[in-house]
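S.K.: Sharing data-v7.csv here; it has CSV, C-alpha atoms.
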chain,number,residue,atom,x,y,z
A,1028,MET,CA,34.0,143.3,158.0
A,1029,ALA,CA,35.2,140.3,155.9
A,1030,LEU,CA,38.7,139.1,156.5
A,1031,ILE,CA,40.8,139.0,153.3
A,1032,GLY,CA,43.9,137.4,154.7
A,1033,ARG,CA,46.1,136.7,157.7
A,1034,TYR,CA,49.9,136.0,158.0
A,1035,ARG,CA,52.7,135.7,160.5
A,1036,ASN,CA,55.3,138.5,160.3
A,1037,GLY,CA,58.1,138.2,162.9
A,1038,ASN,CA,56.5,138.1,166.4
A,1039,TYR,CA,53.0,139.0,165.4
A,1040,ASP,CA,50.0,138.3,163.2
A,1041,VAL,CA,48.7,140.7,160.5
A,1042,LEU,CA,45.0,140.6,159.7
A,1043,ILE,CA,43.7,142.4,156.5
A,1044,PHE,CA,40.0,143.2,156.2
A,1045,GLU,CA,37.9,144.0,153.1
A,1046,ASP,CA,37.5,147.7,153.9
A,1047,GLY,CA,41.2,148.3,154.2
A,1048,THR,CA,41.5,147.9,158.0
A,1049,LYS,CA,44.7,146.3,159.2
A,1050,VAL,CA,45.2,144.8,162.6
A,1051,ARG,CA,48.4,143.6,164.3
A,1052,LYS,CA,48.0,140.9,167.1
A,1053,ASN,CA,50.3,139.2,169.6
A,1054,ASP,CA,50.6,138.7,173.3
A,1055,LEU,CA,53.6,141.0,173.8
A,1056,ASP,CA,53.9,144.7,174.2
A,1057,PHE,CA,55.8,145.3,171.0
A,1058,PHE,CA,55.7,144.3,167.3
A,1059,GLU,CA,58.9,143.3,165.5
A,1060,ALA,CA,58.5,142.9,161.8
A,1061,GLU,CA,60.6,140.4,159.8
A,1062,SER,CA,59.3,141.6,156.4
A,1063,PRO,CA,57.5,144.8,155.4
A,1064,GLU,CA,53.8,144.9,155.7
A,1065,SER,CA,53.6,147.4,152.9
A,1066,MET,CA,55.9,148.7,150.2
A,1067,ASP,CA,55.9,151.9,148.2
A,1068,ILE,CA,57.0,150.8,144.7
A,1069,LYS,CA,58.0,153.2,141.9
A,1070,ILE,CA,57.4,151.3,138.7
A,1071,THR,CA,58.0,154.1,136.2
A,1072,ASN,CA,59.4,157.5,135.8
A,1073,GLN,CA,57.2,158.3,132.8
A,1074,CYS,CA,54.5,160.9,133.2
A,1075,ASP,CA,53.1,163.6,130.9
A,1076,MET,CA,51.6,165.8,133.5
A,1077,GLY,CA,54.6,167.8,134.5
A,1078,CYS,CA,53.4,168.6,138.0
A,1079,PRO,CA,55.7,171.3,139.4
A,1080,MET,CA,55.9,169.7,142.9
A,1081,CYS,CA,56.7,166.2,141.7
A,1082,HIS,CA,59.4,164.9,144.1
A,1083,GLU,CA,60.1,162.0,141.7
A,1084,ASP,CA,61.0,164.4,138.9
A,1085,SER,CA,58.9,162.3,136.4
A,1086,LYS,CA,59.0,163.2,132.7
A,1087,PRO,CA,57.3,162.3,129.4
A,1088,ASP,CA,60.4,160.4,128.4
A,1089,GLY,CA,61.0,158.8,131.8
A,1090,LYS,CA,62.0,155.2,131.9
A,1091,HIS,CA,60.0,152.2,133.0
A,1092,GLY,CA,61.2,149.8,135.7
A,1093,ASP,CA,61.7,146.1,135.0
A,1094,ILE,CA,58.8,145.0,137.2
A,1095,MET,CA,58.3,141.5,135.7
A,1096,GLY,CA,62.0,140.8,136.4
A,1097,ALA,CA,61.9,142.0,140.0
A,1098,LYS,CA,62.6,138.8,141.9
A,1099,PHE,CA,61.9,140.2,145.4
A,1100,ILE,CA,58.2,140.2,144.6
A,1101,GLU,CA,58.1,136.4,144.9
A,1102,THR,CA,59.7,136.6,148.5
A,1103,LEU,CA,56.9,138.7,150.0
A,1104,HIS,CA,54.3,137.4,152.4
A,1105,PRO,CA,50.9,136.8,150.9
A,1106,TYR,CA,48.7,139.8,151.6
A,1107,THR,CA,51.6,142.2,151.7
A,1108,GLU,CA,50.3,145.6,150.5
A,1109,LEU,CA,52.0,147.2,147.5
A,1110,ALA,CA,51.5,150.9,146.7
A,1111,LEU,CA,52.4,151.2,143.0
A,1112,GLY,CA,53.2,154.6,141.7
A,1113,GLY,CA,55.5,156.6,139.4
A,1114,GLY,CA,55.3,158.6,137.3
A,1115,ASN,CA,52.1,157.3,135.8
A,1116,PRO,CA,51.8,153.6,136.5
A,1117,LEU,CA,49.1,153.3,133.8
A,1118,SER,CA,51.8,154.1,131.2
A,1119,HIS,CA,53.8,151.0,132.1
A,1120,PRO,CA,53.4,148.3,129.3
A,1121,ASP,CA,53.7,145.5,131.8
A,1122,LEU,CA,51.2,146.9,134.3
A,1123,VAL,CA,48.4,144.3,133.7
A,1124,PRO,CA,50.7,141.3,133.6
A,1125,PHE,CA,52.4,142.5,136.8
A,1126,LEU,CA,49.0,143.0,138.5
A,1127,GLU,CA,48.0,139.5,137.4
A,1128,LYS,CA,51.3,138.1,138.9
A,1129,CYS,CA,50.5,139.9,142.2
A,1130,LYS,CA,47.1,138.4,142.2
A,1131,SER,CA,48.5,134.9,141.7
A,1132,LEU,CA,50.9,135.5,144.7
A,1133,LYS,CA,48.0,136.8,146.8
A,1134,LEU,CA,49.6,140.2,147.2
A,1135,LEU,CA,47.4,143.4,147.6
A,1136,PRO,CA,48.5,146.0,145.1
A,1137,SER,CA,47.1,149.5,145.0
A,1138,MET,CA,47.9,152.3,142.5
A,1139,THR,CA,48.2,156.0,142.8
A,1140,ILE,CA,47.3,158.0,139.6
A,1141,HIS,CA,46.7,161.6,138.6
A,1142,GLN,CA,43.1,162.8,138.4
A,1143,LYS,CA,43.4,163.3,134.6
A,1144,HIS,CA,44.8,159.8,134.0
A,1145,PHE,CA,41.9,158.5,136.2
A,1146,MET,CA,39.3,160.3,134.2
A,1147,ASP,CA,40.9,159.3,130.8
A,1148,ASN,CA,41.1,155.6,131.7
A,1149,LEU,CA,37.8,154.9,133.5
A,1150,ASP,CA,36.9,151.9,131.3
A,1151,LEU,CA,40.3,150.3,131.8
A,1152,LEU,CA,40.2,150.9,135.6
A,1153,LEU,CA,36.7,149.5,135.9
A,1154,ASP,CA,37.8,146.4,134.0
A,1155,MET,CA,40.8,146.0,136.3
A,1156,GLN,CA,38.5,146.4,139.3
A,1157,LYS,CA,36.1,143.8,137.9
A,1158,ASN,CA,39.0,141.3,137.6
A,1159,HIS,CA,40.3,142.1,141.1
A,1160,LEU,CA,43.6,143.3,139.8
A,1161,PHE,CA,44.0,146.1,142.4
A,1162,TYR,CA,43.1,146.4,146.0
A,1163,GLY,CA,42.9,150.1,146.3
A,1164,LEU,CA,43.1,153.2,144.1
A,1165,GLY,CA,44.7,156.5,145.1
A,1166,ILE,CA,43.7,159.5,142.9
A,1167,SER,CA,45.8,162.6,143.1
A,1168,MET,CA,43.2,165.4,142.9
A,1169,VAL,CA,43.7,168.6,141.1
A,1170,ASP,CA,40.1,170.0,140.7
A,1171,PRO,CA,37.1,168.6,142.6
A,1172,THR,CA,34.7,168.7,139.7
A,1173,GLU,CA,31.3,167.0,139.9
A,1174,ASP,CA,32.2,164.6,137.1
A,1175,PHE,CA,35.3,163.5,139.0
A,1176,LEU,CA,33.5,163.1,142.3
A,1177,SER,CA,30.8,161.0,140.7
A,1178,ALA,CA,33.4,158.8,139.0
A,1179,VAL,CA,35.2,158.2,142.3
A,1180,LYS,CA,32.0,156.6,143.7
A,1181,TRP,CA,32.4,153.8,141.1
A,1182,PHE,CA,35.4,152.6,143.0
A,1183,PRO,CA,34.6,151.5,146.6
A,1184,ASN,CA,38.2,151.5,147.7
A,1185,ALA,CA,39.2,154.8,146.1
A,1186,VAL,CA,41.0,157.3,148.2
A,1187,ILE,CA,41.4,160.9,147.1
A,1188,HIS,CA,45.0,162.1,147.6
A,1189,VAL,CA,45.8,165.8,148.4
A,1190,ILE,CA,49.0,167.4,149.4
A,1191,ASN,CA,49.5,169.7,152.4
A,1192,GLY,CA,50.4,173.1,150.9
A,1193,ILE,CA,48.9,172.4,147.5
A,1194,VAL,CA,45.3,171.7,148.4
A,1195,SER,CA,43.2,174.6,149.6
A,1196,VAL,CA,40.7,174.5,152.5
A,1197,ASP,CA,38.0,175.6,149.9
A,1198,GLN,CA,38.7,172.6,147.8
A,1199,LEU,CA,38.5,170.3,150.9
A,1200,ASN,CA,35.2,171.9,151.7
A,1201,GLN,CA,33.9,170.9,148.2
A,1202,LEU,CA,34.8,167.3,149.1
A,1203,ALA,CA,33.2,167.5,152.5
A,1204,ASN,CA,30.1,165.6,153.6
A,1205,ARG,CA,30.1,163.3,150.5
A,1206,ASP,CA,31.2,160.1,152.3
A,1207,LEU,CA,34.6,160.3,150.7
A,1208,LYS,CA,37.9,158.8,151.9
A,1209,ILE,CA,40.9,161.2,151.7
A,1210,LEU,CA,44.6,160.9,152.3
A,1211,ILE,CA,46.6,164.0,153.2
A,1212,LEU,CA,50.2,163.8,152.1
A,1213,GLY,CA,53.0,165.9,153.5
A,1214,TYR,CA,54.7,168.3,151.1
A,1215,LYS,CA,57.9,166.7,149.9
A,1216,ASP,CA,60.6,169.4,149.8
A,1217,PHE,CA,62.7,167.3,147.4
A,1218,ARG,CA,63.8,167.5,143.8
A,1219,ARG,CA,61.1,169.5,141.9
A,1220,GLY,CA,59.2,170.0,145.1
A,1221,HIS,CA,62.2,171.9,146.5
A,1222,LYS,CA,62.4,174.3,143.5
A,1223,TYR,CA,58.6,174.9,143.6
A,1224,TYR,CA,58.3,175.7,147.3
A,1225,SER,CA,57.0,179.2,147.9
A,1226,ARG,CA,55.3,181.5,150.4
A,1227,LYS,CA,52.0,180.6,148.9
A,1228,ILE,CA,52.5,176.9,149.7
A,1229,GLU,CA,53.5,177.9,153.3
A,1230,GLU,CA,50.3,179.9,153.6
A,1231,LYS,CA,48.2,177.0,152.4
A,1232,LYS,CA,49.9,174.7,155.0
A,1233,LEU,CA,49.0,177.2,157.7
A,1234,GLU,CA,45.5,177.4,156.5
A,1235,LEU,CA,45.0,173.6,156.6
A,1236,TYR,CA,46.8,173.5,160.0
A,1237,ASP,CA,44.1,175.8,161.5
A,1238,ALA,CA,41.1,174.2,159.7
A,1239,LEU,CA,42.0,170.5,160.1
A,1240,PRO,CA,40.2,169.9,163.5
A,1241,ASP,CA,36.8,170.9,162.0
A,1242,LEU,CA,37.4,169.2,158.6
A,1243,ILE,CA,38.1,165.7,159.9
A,1244,SER,CA,34.5,164.9,160.9
A,1245,LYS,CA,33.3,165.8,157.4
A,1246,PHE,CA,34.8,162.7,155.7
A,1247,LEU,CA,34.2,159.0,155.8
A,1248,VAL,CA,37.9,158.4,156.4
A,1249,VAL,CA,40.8,160.8,156.8
A,1250,SER,CA,44.3,159.3,156.8
A,1251,PHE,CA,47.8,160.9,156.7
A,1252,ASP,CA,51.3,159.8,155.7
A,1253,ASN,CA,54.0,160.2,158.3
A,1254,LEU,CA,55.2,163.5,156.7
A,1255,ALA,CA,51.8,165.1,157.0
A,1256,ILE,CA,51.5,163.8,160.6
A,1257,LYS,CA,54.7,165.7,161.4
A,1258,GLN,CA,53.8,168.9,159.4
A,1259,LEU,CA,50.3,169.1,160.9
A,1260,GLU,CA,51.4,168.1,164.4
A,1261,LEU,CA,48.5,165.6,164.8
A,1262,LYS,CA,49.9,163.9,167.9
A,1263,GLU,CA,51.0,167.1,169.6
A,1264,ARG,CA,47.6,168.8,169.1
A,1265,HIS,CA,45.6,165.6,170.0
A,1266,ILE,CA,43.7,165.7,166.8
A,1267,CYS,CA,43.8,162.0,166.3
A,1268,LYS,CA,42.0,160.2,169.2
A,1269,ASN,CA,43.3,156.7,170.2
A,1270,TRP,CA,46.7,157.6,168.8
A,1271,ASP,CA,48.3,154.3,169.9
A,1272,GLU,CA,45.6,152.3,168.2
A,1273,PHE,CA,45.7,154.1,164.8
A,1274,TYR,CA,49.3,155.1,164.3
A,1275,MET,CA,50.8,152.6,162.0
A,1276,GLY,CA,54.5,153.1,162.8
A,1277,ASP,CA,57.5,155.2,161.7
A,1278,ASP,CA,59.0,155.0,158.2
A,1279,GLY,CA,61.0,151.8,157.9
A,1280,GLN,CA,59.4,150.1,160.9
A,1281,PHE,CA,56.8,148.2,158.9
A,1282,THR,CA,57.3,149.8,155.5
A,1283,MET,CA,60.0,150.4,152.8
A,1284,TYR,CA,60.5,152.0,149.4
A,1285,ILE,CA,61.5,150.4,146.1
A,1286,ASP,CA,62.5,152.2,142.9
A,1287,THR,CA,62.4,149.6,140.1
A,1288,VAL,CA,63.6,152.2,137.6
A,1289,LYS,CA,66.9,152.9,139.3
A,1290,ARG,CA,66.9,149.4,140.9
A,1291,GLU,CA,67.4,150.6,144.4
A,1292,PHE,CA,65.6,150.6,147.8
A,1293,ALA,CA,65.4,152.9,150.8
A,1294,LYS,CA,63.4,153.7,153.9
A,1295,SER,CA,61.1,156.1,152.0
A,1296,SER,CA,60.8,157.9,148.7
A,1297,VAL,CA,62.7,161.0,150.1
A,1298,SER,CA,65.5,159.1,151.7
A,1299,ILE,CA,69.0,160.1,150.6
A,1300,ARG,CA,70.6,156.8,151.6
A,1301,ARG,CA,69.8,154.0,149.2
A,1302,TRP,CA,71.0,150.5,148.4
A,1303,PRO,CA,71.1,148.3,145.2
A,1304,LEU,CA,68.0,146.2,144.8
A,1305,MET,CA,68.3,142.6,146.0
A,1306,ASP,CA,66.4,139.4,145.0
A,1307,SER,CA,65.0,138.8,148.5
A,1308,VAL,CA,63.0,141.2,150.6
A,1309,ILE,CA,64.2,140.2,154.1
A,1310,PRO,CA,67.8,141.3,153.8
A,1311,MET,CA,66.6,144.5,152.2
A,1312,PHE,CA,64.2,145.2,155.0
A,1313,GLN,CA,66.9,144.5,157.5
A,1314,LYS,CA,69.1,147.2,156.0
A,1315,VAL,CA,66.2,149.6,156.1
A,1316,LYS,CA,65.6,148.9,159.8
A,1317,GLU,CA,69.3,149.3,160.6
A,1318,GLY,CA,69.3,152.7,158.8
Give the structure from this file in structure tokens form.

M.R.:
Amino acid sequence: MALIGRYRNGNYDVLIFEDGTKVRKNDLDFFEAESPESMDIKITNQCDMGCPMCHEDSKPDGKHGDIMGAKFIETLHPYTELALGGGNPLSHPDLVPFLEKCKSLKLLPSMTIHQKHFMDNLDLLLDMQKNHLFYGLGISMVDPTEDFLSAVKWFPNAVIHVINGIVSVDQLNQLANRDLKILILGYKDFRRGHKYYSRKIEEKKLELYDALPDLISKFLVVSFDNLAIKQLELKERHICKNWDEFYMGDDGQFTMYIDTVKREFAKSSVSIRRWPLMDSVIPMFQKVKEG
């Protein structure tokens, strides 16, 4: 694996490798971060998909965030990972200039986009990839068609995103044994997600809960957000071997959330407690850690 970058963060070193692997190193028995290693950044609330479970309540007339004027970006460590989302990040008029700025600062942005937006913008995304404007690509899957799965292969760092309670085990079996990377997200019972919740979603969550131990071996990589880890009881059921080696920490321990539309920050995208955006990341992250 080729090393992309290395930086000092508090009492430890962070190493980032080409395949997405991240390693923390020190001679102590704990890691204390001074700055977030990764940030979930909402850059727009505009989206034309109308997904009924959208916890961000994104809409066709949603507003864009002032990403070019966000001064905290310039205070991040080089090689900090940025997960850009929305809304539809491809709809933001300043997306390419912002990605170019991130590249100049040696930051590692990734984007999460809907399957339809992915398929409708393949030429643009391939051009962005060619120019190294994003580090990874998350694609929120709706329907595992052959055209879609073929297109995913054009992006080596693409990860298919599915939601616990929305994706079916049948759909996951259609993805299985294709050398794909998937990320299983927990269902966010928040905003539209709260209104949409139903017995059918609960049944799909139970279905995945039972099938998960057999499914994991059928993918190149299976990862989870912290909400999915809790909902699927990965630690309690010993599904993930070498837990201490692979678990990346609690929300707010090494990560934080930024909403550039409302100009506020929080521990995560479903946190009720939020604060006004600041110009420097370190005092913001300190507030997140203090709770």

S.K.: Under the rule that all atoms listed in the file are counted, which of A:Leu1122, A:Ile1228, A:Val1248, A:Gly1165 is the nearest residue to Leu1151 (chain A)?

M.R.: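 Among the listed residues, A:Leu1122 lies closest to Leu1151 (chain A).
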
S.K.: Looking at A:Asp1197, A:Asp1046, A:Glu1061, A:Asp1054, which one is nearest to Lys1231 (chain A), with distances taken over all atoms listed in the file?

M.R.: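 Comparing A:Asp1197, A:Asp1046, A:Glu1061, A:Asp1054 against Lys1231 (chain A), the winner is A:Asp1197.
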
S.K.: In Å, with one decimal, what is the gap from CA of Ile1043 (chain A) to CA of Asn1253 (chain A)?

M.R.: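 Computing it gives 20.6 Å between the two atoms.
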
S.K.: So which residues are close to (62.6, 147.3, 162.7), meaning at most 10 Å away in the file's coordinates with all atoms listed in the file counted, and can you show them as a list in words?

M.R.: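 In the file's frame, the residues around the point are Phe1058, Glu1059, Ala1060, Glu1061, Ser1062, Pro1063, Gly1276, Asp1277, Asp1278, Gly1279, Gln1280, Phe1281, Thr1282, Phe1312, Gln1313, Lys1314, Val1315, Lys1316, Glu1317 and Gly1318 of chain A.
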
S.K.: Please list as a list in words every residue within 12 Å of Pro1124 (chain A), counting all atoms listed in the file and excluding residues in the same chain fewer than 3 positions away.

M.R.: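 Residues meeting the cut-off are Ile1094, Met1095, Gly1096, His1119, Pro1120, Asp1121, Glu1127, Lys1128, Cys1129, Lys1130, Ser1131, Met1155 and Leu1160 of chain A.
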
S.K.: What does the distance from CA of Leu1210 (chain A) to CA of Val1189 (chain A) come to in Å, to one decimal?

M.R.: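 Those two atoms sit 6.4 Å apart.
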
S.K.: Can I get the residues of region 1231-1306 of chain A within 12 Å of region 1215-1224 of chain A, each with the closest pair of atoms and their distance in Å to one decimal, using only C-alpha atoms, sorted chain first then ascending number, as a tab-separated table?

M.R.:
residue	atom	partner	partner_atom	distance
A:Lys1231	CA	A:Tyr1224	CA	11.4
A:Lys1232	CA	A:Tyr1224	CA	11.4
A:Asp1252	CA	A:Lys1215	CA	11.2
A:Asn1253	CA	A:Lys1215	CA	11.3
A:Leu1254	CA	A:Lys1215	CA	8.0
A:Ala1255	CA	A:Lys1215	CA	9.5
A:Lys1257	CA	A:Lys1215	CA	12.0
A:Gln1258	CA	A:Lys1215	CA	10.6
A:Ser1295	CA	A:Lys1215	CA	11.3
A:Ser1296	CA	A:Lys1215	CA	9.3
A:Val1297	CA	A:Phe1217	CA	6.9
A:Ser1298	CA	A:Phe1217	CA	9.7
A:Ile1299	CA	A:Phe1217	CA	10.1

S.K.: Just want the 7 Å neighbourhood of region 1098-1102 of chain A, counted on only C-alpha atoms, with same-chain residues fewer than 2 positions away dropped. Output as an MDAnalysis selection string.

M.R.: chainID A and resid 1096 1104 1305:1308

S.K.: What's around Gly1077 (chain A) at 8 Å? Count only C-alpha atoms, leave out sequence neighbours fewer than 4 positions away in its own chain, and write the answer as a list in words.

M.R.: Cys1081, Ser1085, Lys1086 and Pro1087 of chain A

S.K.: Excluding Ala1178 (chain A) and its own-chain neighbours fewer than 3 positions away, which residues fall within 12 Å of it when counting all atoms listed in the file? Please give them as a ChimeraX atom specification.

M.R.: /A:1142-1143,1145-1150,1152-1153,1166,1171-1175,1181-1183,1185,1187,1207

S.K.: Grab the residues selected above and save them as a short mmCIF file (atom, residue, chain, number, x, y, z; two decimals), in the frame of the given file with C-alpha atoms.

M.R.:
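Done, and the output landed in selection_37.cif:
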data_model
loop_
_atom_site.label_atom_id
_atom_site.label_comp_id
_atom_site.auth_asym_id
_atom_site.auth_seq_id
_atom_site.Cartn_x
_atom_site.Cartn_y
_atom_site.Cartn_z
CA GLN A 1142 43.10 162.80 138.40
CA LYS A 1143 43.40 163.30 134.60
CA PHE A 1145 41.90 158.50 136.20
CA MET A 1146 39.30 160.30 134.20
CA ASP A 1147 40.90 159.30 130.80
CA ASN A 1148 41.10 155.60 131.70
CA LEU A 1149 37.80 154.90 133.50
CA ASP A 1150 36.90 151.90 131.30
CA LEU A 1152 40.20 150.90 135.60
CA LEU A 1153 36.70 149.50 135.90
CA ILE A 1166 43.70 159.50 142.90
CA PRO A 1171 37.10 168.60 142.60
CA THR A 1172 34.70 168.70 139.70
CA GLU A 1173 31.30 167.00 139.90
CA ASP A 1174 32.20 164.60 137.10
CA PHE A 1175 35.30 163.50 139.00
CA TRP A 1181 32.40 153.80 141.10
CA PHE A 1182 35.40 152.60 143.00
CA PRO A 1183 34.60 151.50 146.60
CA ALA A 1185 39.20 154.80 146.10
CA ILE A 1187 41.40 160.90 147.10
CA LEU A 1207 34.60 160.30 150.70
#

S.K.: I'd like the interatomic distance between CA of Asn1115 (chain A) and CA of Ser1167 (chain A), to a tenth of an Å.

M.R.: 11.0 Å

S.K.: Tell me which protein, DNA and RNA residues are within 12 Å of Phe1273 (chain A), counting all atoms listed in the file, leaving out same-chain ones fewer than 3 positions away, and put them as a list of chain:residue names.

M.R.: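 Within the cut-off, the hits are A:Thr1048, A:Lys1049, A:Val1050, A:Arg1051, A:Val1249, A:Ser1250, A:Phe1251, A:Leu1261, A:Lys1262, A:Ile1266, A:Cys1267, A:Lys1268, A:Asn1269, A:Trp1270, A:Gly1276.
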
S.K.: For Lys1289 (chain A), which residue among A:Thr1071, A:Ser1065, A:Asn1036, A:Asn1184 is the nearest when counting all atoms listed in the file?

M.R.: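 Nearest candidate to Lys1289 (chain A) out of A:Thr1071, A:Ser1065, A:Asn1036, A:Asn1184: A:Thr1071.
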
S.K.: Using all atoms listed in the file, which of the listed residues (A:Arg1033, A:His1141, A:Lys1245, A:Arg1290) sits closest to Pro1105 (chain A)?

M.R.: A:Arg1033

S.K.: Sorted by chain and rising residue number, list the residues of region 1100-1209 of chain A at most 12 Å from region 1235-1244 of chain A (counting all atoms listed in the file), each with its closest atom pair and distance in Å to one decimal, as a tab-separated table.

M.R.:
residue	atom	partner	partner_atom	distance
A:Val1189	CA	A:Leu1235	CA	11.3
A:Ile1190	CA	A:Leu1235	CA	10.3
A:Asn1191	CA	A:Leu1235	CA	7.3
A:Gly1192	CA	A:Leu1235	CA	7.9
A:Ile1193	CA	A:Leu1235	CA	10.0
A:Val1194	CA	A:Leu1235	CA	8.4
A:Ser1195	CA	A:Leu1235	CA	7.3
A:Val1196	CA	A:Leu1235	CA	6.0
A:Asp1197	CA	A:Leu1235	CA	9.9
A:Gln1198	CA	A:Leu1235	CA	10.9
A:Leu1199	CA	A:Leu1242	CA	7.9
A:Asn1200	CA	A:Leu1242	CA	7.7
A:Gln1201	CA	A:Leu1242	CA	11.1
A:Leu1202	CA	A:Leu1242	CA	10.0
A:Ala1203	CA	A:Leu1242	CA	7.6
A:Asn1204	CA	A:Ser1244	CA	8.6
A:Arg1205	CA	A:Ser1244	CA	11.4
A:Asp1206	CA	A:Ser1244	CA	10.4
A:Leu1207	CA	A:Ser1244	CA	11.2
A:Lys1208	CA	A:Ile1243	CA	10.6
A:Ile1209	CA	A:Ile1243	CA	9.8

S.K.: Rebuild N, CA and C atoms on region 1071-1085 of chain A, as an mmCIF file, in the coordinates of the input?

M.R.:
data_model
loop_
_atom_site.group_PDB
_atom_site.id
_atom_site.type_symbol
_atom_site.label_atom_id
_atom_site.label_comp_id
_atom_site.auth_asym_id
_atom_site.auth_seq_id
_atom_site.Cartn_x
_atom_site.Cartn_y
_atom_site.Cartn_z
ATOM 1 N N THR A 1071 57.644 153.300 137.371
ATOM 2 C CA THR A 1071 58.000 154.100 136.200
ATOM 3 C C THR A 1071 58.299 155.493 136.529
ATOM 4 N N ASN A 1072 59.123 156.116 135.701
ATOM 5 C CA ASN A 1072 59.400 157.500 135.800
ATOM 6 C C ASN A 1072 58.747 158.321 134.685
ATOM 7 N N GLN A 1073 57.883 157.639 133.925
ATOM 8 C CA GLN A 1073 57.200 158.300 132.800
ATOM 9 C C GLN A 1073 55.903 158.901 133.207
ATOM 10 N N CYS A 1074 55.726 160.172 132.884
ATOM 11 C CA CYS A 1074 54.500 160.900 133.200
ATOM 12 C C CYS A 1074 54.416 162.126 132.310
ATOM 13 N N ASP A 1075 53.259 162.410 131.747
ATOM 14 C CA ASP A 1075 53.100 163.600 130.900
ATOM 15 C C ASP A 1075 52.476 164.779 131.541
ATOM 16 N N MET A 1076 52.284 164.723 132.866
ATOM 17 C CA MET A 1076 51.600 165.800 133.500
ATOM 18 C C MET A 1076 52.472 166.998 133.898
ATOM 19 N N GLY A 1077 53.729 166.754 134.176
ATOM 20 C CA GLY A 1077 54.600 167.800 134.500
ATOM 21 C C GLY A 1077 54.303 168.587 135.770
ATOM 22 N N CYS A 1078 53.772 167.898 136.758
ATOM 23 C CA CYS A 1078 53.400 168.600 138.000
ATOM 24 C C CYS A 1078 54.633 169.246 138.622
ATOM 25 N N PRO A 1079 54.535 170.533 138.931
ATOM 26 C CA PRO A 1079 55.700 171.300 139.400
ATOM 27 C C PRO A 1079 56.251 170.827 140.732
ATOM 28 N N MET A 1080 55.417 170.152 141.544
ATOM 29 C CA MET A 1080 55.900 169.700 142.900
ATOM 30 C C MET A 1080 56.333 168.283 142.910
ATOM 31 N N CYS A 1081 56.401 167.625 141.746
ATOM 32 C CA CYS A 1081 56.700 166.200 141.700
ATOM 33 C C CYS A 1081 58.082 165.896 142.299
ATOM 34 N N HIS A 1082 58.103 165.210 143.428
ATOM 35 C CA HIS A 1082 59.400 164.900 144.100
ATOM 36 C C HIS A 1082 60.136 163.789 143.394
ATOM 37 N N GLU A 1083 59.463 163.057 142.465
ATOM 38 C CA GLU A 1083 60.100 162.000 141.700
ATOM 39 C C GLU A 1083 60.737 162.540 140.405
ATOM 40 N N ASP A 1084 60.447 163.805 140.068
ATOM 41 C CA ASP A 1084 61.000 164.400 138.900
ATOM 42 C C ASP A 1084 60.598 163.593 137.613
ATOM 43 N N SER A 1085 59.353 163.118 137.558
ATOM 44 C CA SER A 1085 58.900 162.300 136.400
ATOM 45 C C SER A 1085 58.705 163.136 135.185
#
